[in-house]
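A.B. asks: Sharing upload.txt here; it has compact mmCIF, C-alpha atoms.
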# COMPACT_ATOMS: atom_id res chain seq x y z
CA MET A 1 -16.78 84.43 -14.29
CA ALA A 2 -17.29 82.36 -17.44
CA ASP A 3 -18.26 83.92 -20.75
CA ASN A 4 -21.46 82.55 -22.29
CA ILE A 5 -21.53 81.02 -25.79
CA ARG A 6 -25.00 80.63 -27.26
CA VAL A 7 -25.52 77.67 -29.60
CA ASN A 8 -28.51 78.04 -31.93
CA ILE A 9 -30.25 75.39 -34.03
CA GLY A 10 -27.88 73.91 -36.60
CA GLU A 11 -24.78 75.27 -34.88
CA LEU A 12 -21.72 73.67 -33.39
CA LYS A 13 -19.32 75.60 -31.18
CA VAL A 14 -16.20 74.62 -29.26
CA ALA A 15 -14.33 76.40 -26.49
CA LYS A 16 -11.30 76.05 -24.28
CA GLY A 17 -11.20 77.60 -20.82
CA TYR A 18 -13.74 79.41 -18.68
CA PHE A 19 -16.84 79.30 -20.86
CA LYS A 20 -20.44 78.21 -20.56
CA PHE A 21 -22.48 77.00 -23.51
CA SER A 22 -26.22 77.56 -23.65
CA ALA A 23 -28.99 76.31 -25.91
CA TYR A 24 -32.55 77.55 -25.49
CA GLY A 25 -35.95 76.06 -26.22
CA ILE A 26 -34.84 72.51 -26.97
CA GLY A 27 -37.84 70.48 -28.12
CA SER A 28 -37.37 67.60 -30.55
CA CYS A 29 -33.84 68.84 -31.31
CA VAL A 30 -30.93 67.09 -29.67
CA VAL A 31 -28.10 68.93 -27.96
CA VAL A 32 -24.89 66.91 -27.73
CA VAL A 33 -22.06 68.12 -25.53
CA CYS A 34 -18.69 66.41 -25.97
CA TYR A 35 -15.88 67.32 -23.64
CA ASP A 36 -12.37 66.38 -22.54
CA LYS A 37 -12.87 64.69 -19.18
CA TYR A 38 -9.47 66.01 -17.97
CA ALA A 39 -9.07 69.46 -19.54
CA PRO A 40 -11.41 72.50 -19.84
CA ILE A 41 -12.24 71.87 -23.50
CA ALA A 42 -15.73 71.15 -24.81
CA GLY A 43 -18.12 71.59 -27.69
CA MET A 44 -21.88 71.79 -28.09
CA LEU A 45 -23.96 70.69 -31.07
CA HIS A 46 -27.61 71.72 -31.51
CA ALA A 47 -29.03 69.41 -34.20
CA ILE A 48 -32.56 69.34 -35.55
CA LEU A 49 -32.70 66.19 -37.74
CA PRO A 50 -31.23 62.73 -37.23
CA GLN A 51 -29.54 61.91 -40.51
CA LYS A 52 -27.76 63.84 -43.24
CA LYS A 53 -28.66 63.53 -46.87
CA LYS A 54 -26.02 62.01 -49.12
CA GLY A 55 -23.05 64.32 -49.52
CA VAL A 56 -24.31 66.84 -46.95
CA SER A 57 -22.23 67.46 -43.84
CA GLU A 58 -24.17 70.13 -42.01
CA ASN A 59 -24.35 70.52 -38.27
CA ARG A 60 -28.13 70.57 -38.29
CA PHE A 61 -27.98 66.77 -38.67
CA VAL A 62 -27.16 64.65 -35.60
CA ASP A 63 -24.87 62.20 -37.42
CA ALA A 64 -22.82 64.76 -39.38
CA GLY A 65 -22.80 67.20 -36.47
CA ILE A 66 -21.35 64.70 -34.00
CA GLU A 67 -18.66 63.75 -36.53
CA ASN A 68 -17.80 67.44 -36.97
CA LEU A 69 -17.84 68.04 -33.20
CA ILE A 70 -15.36 65.23 -32.60
CA LYS A 71 -13.09 66.54 -35.40
CA GLU A 72 -13.15 70.03 -33.85
CA LEU A 73 -12.16 68.65 -30.44
CA ILE A 74 -9.35 66.57 -31.96
CA ASN A 75 -8.15 69.75 -33.73
CA LEU A 76 -7.84 71.25 -30.22
CA ASP A 77 -5.53 68.34 -29.28
CA VAL A 78 -8.16 66.36 -27.37
CA SER A 79 -7.57 62.60 -27.51
CA ILE A 80 -10.66 60.67 -28.60
CA ASN A 81 -9.97 58.41 -25.59
CA ASN A 82 -10.57 61.40 -23.26
CA ILE A 83 -13.91 62.45 -24.77
CA GLU A 84 -17.18 61.93 -22.89
CA ALA A 85 -20.64 63.18 -23.83
CA LYS A 86 -23.93 64.38 -22.40
CA ILE A 87 -27.11 64.52 -24.46
CA PHE A 88 -30.29 66.52 -24.03
CA GLY A 89 -33.64 67.07 -25.73
CA GLY A 90 -35.33 64.78 -28.22
CA ALA A 91 -38.78 65.44 -26.81
CA THR A 92 -42.01 64.41 -28.51
CA MET A 93 -43.63 67.81 -28.51
CA PHE A 94 -46.88 66.86 -30.25
CA ASP A 95 -48.95 63.75 -29.59
CA ILE A 96 -49.38 62.56 -33.16
CA LYS A 97 -50.24 58.88 -33.51
CA SER A 98 -48.23 57.92 -36.59
CA GLY A 99 -47.14 54.45 -35.52
CA SER A 100 -43.47 55.30 -35.98
CA GLU A 101 -40.82 57.03 -33.89
CA SER A 102 -41.06 60.78 -33.46
CA ILE A 103 -38.29 63.07 -34.74
CA GLY A 104 -37.13 63.51 -31.14
CA GLU A 105 -36.87 59.74 -30.62
CA LYS A 106 -34.97 59.36 -33.90
CA ASN A 107 -32.59 62.16 -32.88
CA ILE A 108 -31.83 60.48 -29.53
CA LYS A 109 -31.33 57.09 -31.18
CA MET A 110 -28.95 58.53 -33.78
CA ALA A 111 -26.91 60.43 -31.18
CA LYS A 112 -26.48 57.30 -29.06
CA GLU A 113 -25.61 55.20 -32.11
CA ILE A 114 -22.89 57.58 -33.38
CA LEU A 115 -21.36 58.10 -29.93
CA SER A 116 -21.32 54.34 -29.32
CA LYS A 117 -19.62 53.69 -32.68
CA LYS A 118 -16.94 56.21 -31.70
CA GLY A 119 -16.48 54.57 -28.29
CA ILE A 120 -17.59 57.74 -26.48
CA LYS A 121 -19.25 57.21 -23.11
CA ILE A 122 -22.46 59.09 -22.39
CA SER A 123 -21.93 60.31 -18.83
CA GLY A 124 -25.35 61.96 -18.46
CA GLU A 125 -28.55 62.69 -20.29
CA ASP A 126 -31.94 64.30 -20.02
CA THR A 127 -33.84 63.17 -23.10
CA GLY A 128 -37.28 62.26 -24.34
CA SER A 129 -40.60 62.95 -22.65
CA ASN A 130 -42.87 65.75 -23.90
CA TYR A 131 -41.43 69.04 -22.67
CA GLY A 132 -38.89 71.61 -23.79
CA ARG A 133 -35.60 72.35 -22.09
CA THR A 134 -32.91 74.99 -21.85
CA ILE A 135 -29.36 73.74 -21.35
CA GLU A 136 -26.32 75.45 -19.83
CA PHE A 137 -23.01 73.54 -19.80
CA ASP A 138 -19.93 74.67 -17.87
CA VAL A 139 -16.71 73.76 -19.70
CA VAL A 140 -14.63 73.73 -16.49
CA THR A 141 -16.94 71.80 -14.11
CA LYS A 142 -18.48 69.59 -16.85
CA LYS A 143 -21.89 70.13 -15.24
CA ALA A 144 -25.03 70.89 -17.18
CA ILE A 145 -28.01 72.74 -15.77
CA VAL A 146 -31.25 71.64 -17.40
CA LYS A 147 -34.14 74.05 -16.97
CA SER A 148 -37.73 73.43 -17.95
CA TYR A 149 -41.06 74.92 -17.09
CA ALA A 150 -42.50 71.41 -16.68
CA LYS A 151 -39.78 69.89 -14.47
CA GLY A 152 -37.92 72.80 -12.91
CA GLU A 153 -34.14 72.71 -12.77
CA LYS A 154 -31.66 69.85 -12.40
CA ILE A 155 -27.94 69.27 -12.71
CA ILE A 156 -26.65 66.53 -14.99
Would it be possible to restate this file's structure as C-alpha cells?
C.D. replies:
Amino acid sequence: MADNIRVNIGELKVAKGYFKFSAYGIGSCVVVVCYDKYAPIAGMLHAILPQKKKGVSENRFVDAGIENLIKELINLDVSINNIEAKIFGGATMFDIKSGSESIGEKNIKMAKEILSKKGIKISGEDTGSNYGRTIEFDVVTKKAIVKSYAKGEKII
C-alpha cells in the first residue's frame, strides 16, 4: 500500500517509490505533476499564481515552481528526456466579467508555456471550467484520480 503525501498550496514535493500525492480543493490554482515515464519517481507542485516577481523563486508561482520541480527530479537522477507531465485545476471559480483572462486561465497558460519550453510532453490534463477538484496521483502507475462534486470521478 502506498503512503500518501499531501501537497498544500505553495508546496512542491517529490517522491521515489510507492507513494501517492494528493492535493485538495483545487480551484484557480494549478497542480502540475512531473514524473519519470520509466521509473517510480514523481513530483507535485501546487501553485497559486502564474508568474514570479523579479528575484523571487517560490513554489507558489507556476513558472518558478515548475523550474524547481524539474530541478528536484534531475537531482533524483531523472533525465529531462524521460519527464512527462499532467496538469490539473485552473478553474474560473467566480463569474467576474473583467474582459481579461482569469487567474485560473493564466495559471494554465503559464504551466503549458513552461513545460513546452522545457520540451516536456503533457500526457493528460483536467483544467479550466468552473468547478473545484481534488487530485490523487500514484507515483508507480502514473495515474491520477480527479474527484469533483460537479463532475464525479475520473482517471487521467
A.B. asks: Restricting the calculation to only C-alpha atoms: of A:Tyr131, A:Tyr35, A:Tyr18, A:Tyr24, which residue gets closest to Ala91 of chain A?
C.D. replies: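 For Ala91 of chain A, the nearest of the given residues is A:Tyr131.
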A.B. asks: Rank nothing, just name the residue among A:Ile122, A:Ala15, A:Phe88, A:Leu45 nearest to Thr134 of chain A, using all atoms listed in the file.
C.D. replies: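 Closest to Thr134 of chain A, using all atoms listed in the file: A:Phe88.
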A.B. asks: Any idea what's packed within 12 Å of Ser129 of chain A, counting only C-alpha atoms, ignoring anything in its chain fewer than 4 positions away? Could you give it as JSON, numbers by chain?
C.D. replies: {"A": [26, 27, 28, 88, 89, 90, 91, 92, 93, 94, 95, 102, 104, 105, 108, 133, 148, 150, 151]}
A.B. asks: Pick from A:Ile9, A:Val62, A:Ile145, A:Val14: nearest to Met110 of chain A, with all atoms listed in the file counted?
C.D. replies: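 Closest to Met110 of chain A, using all atoms listed in the file: A:Val62.
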A.B. asks: Give the answer as one residue: which of A:Gln51, A:Ser123, A:Asn81, A:Asn75 has the shortest atom-to-atom distance to Val32 of chain A, using only C-alpha atoms?
C.D. replies: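 The shortest atom-to-atom distance to Val32 of chain A comes from A:Ser123.
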A.B. asks: Could you check which of A:Val7, A:Ala85, A:Ile48, A:Cys34 is closest to Glu125 of chain A, using all atoms listed in the file?
C.D. replies: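 The shortest atom-to-atom distance to Glu125 of chain A comes from A:Ala85.
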A.B. asks: Sorted by chain and rising residue number, list the residues of segment 5-115 of chain A at most 7 Å from segment 137-144 of chain A (counting only C-alpha atoms), each with its closest atom pair and distance in Å to one decimal, as a tab-separated table.
C.D. replies:
residue	atom	partner	partner_atom	distance
A:Gly17	CA	A:Val140	CA	6.7
A:Tyr18	CA	A:Val140	CA	6.2
A:Phe19	CA	A:Val139	CA	5.7
A:Lys20	CA	A:Asp138	CA	4.5
A:Phe21	CA	A:Phe137	CA	5.1
A:Ser22	CA	A:Phe137	CA	6.4
A:Pro40	CA	A:Val140	CA	4.8
A:Ile41	CA	A:Val139	CA	6.2
A:Ala42	CA	A:Val139	CA	5.8
A.B. asks: Looking at only C-alpha atoms, which of A:Lys71, A:Lys53, A:Arg60, A:His46 is the one that sits closest to Ile87 of chain A?
C.D. replies: A:His46
A.B. asks: In Å, with one decimal, what is the gap from atom CA of Ala23 of chain A to atom CA of Ile135 of chain A?
C.D. replies: 5.2 Å
A.B. asks: Could you give me the centre and size, in Å to one decimal, of an axis-aligned box around all listed atoms of segment 131-139 of chain A with 6 Å added on every side, as AutoDock Vina command-line options?
C.D. replies:
--center_x -29.1 --center_y 72.2 --center_z -20.8 --size_x 36.7 --size_y 18.4 --size_z 17.9
A.B. asks: Can you work out the spacing between atom CA of Ile155 of chain A and atom CA of Ile120 of chain A in Å, to one decimal?
C.D. replies: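 These atoms are spaced 20.7 Å apart.
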A.B. asks: Atom CA of Asn8 of chain A and atom CA of Gly128 of chain A, how far apart in Å?
C.D. replies: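 If I compute the distance from atom CA of Gly128 of chain A to atom CA of Asn8 of chain A, I get 19.6 Å.
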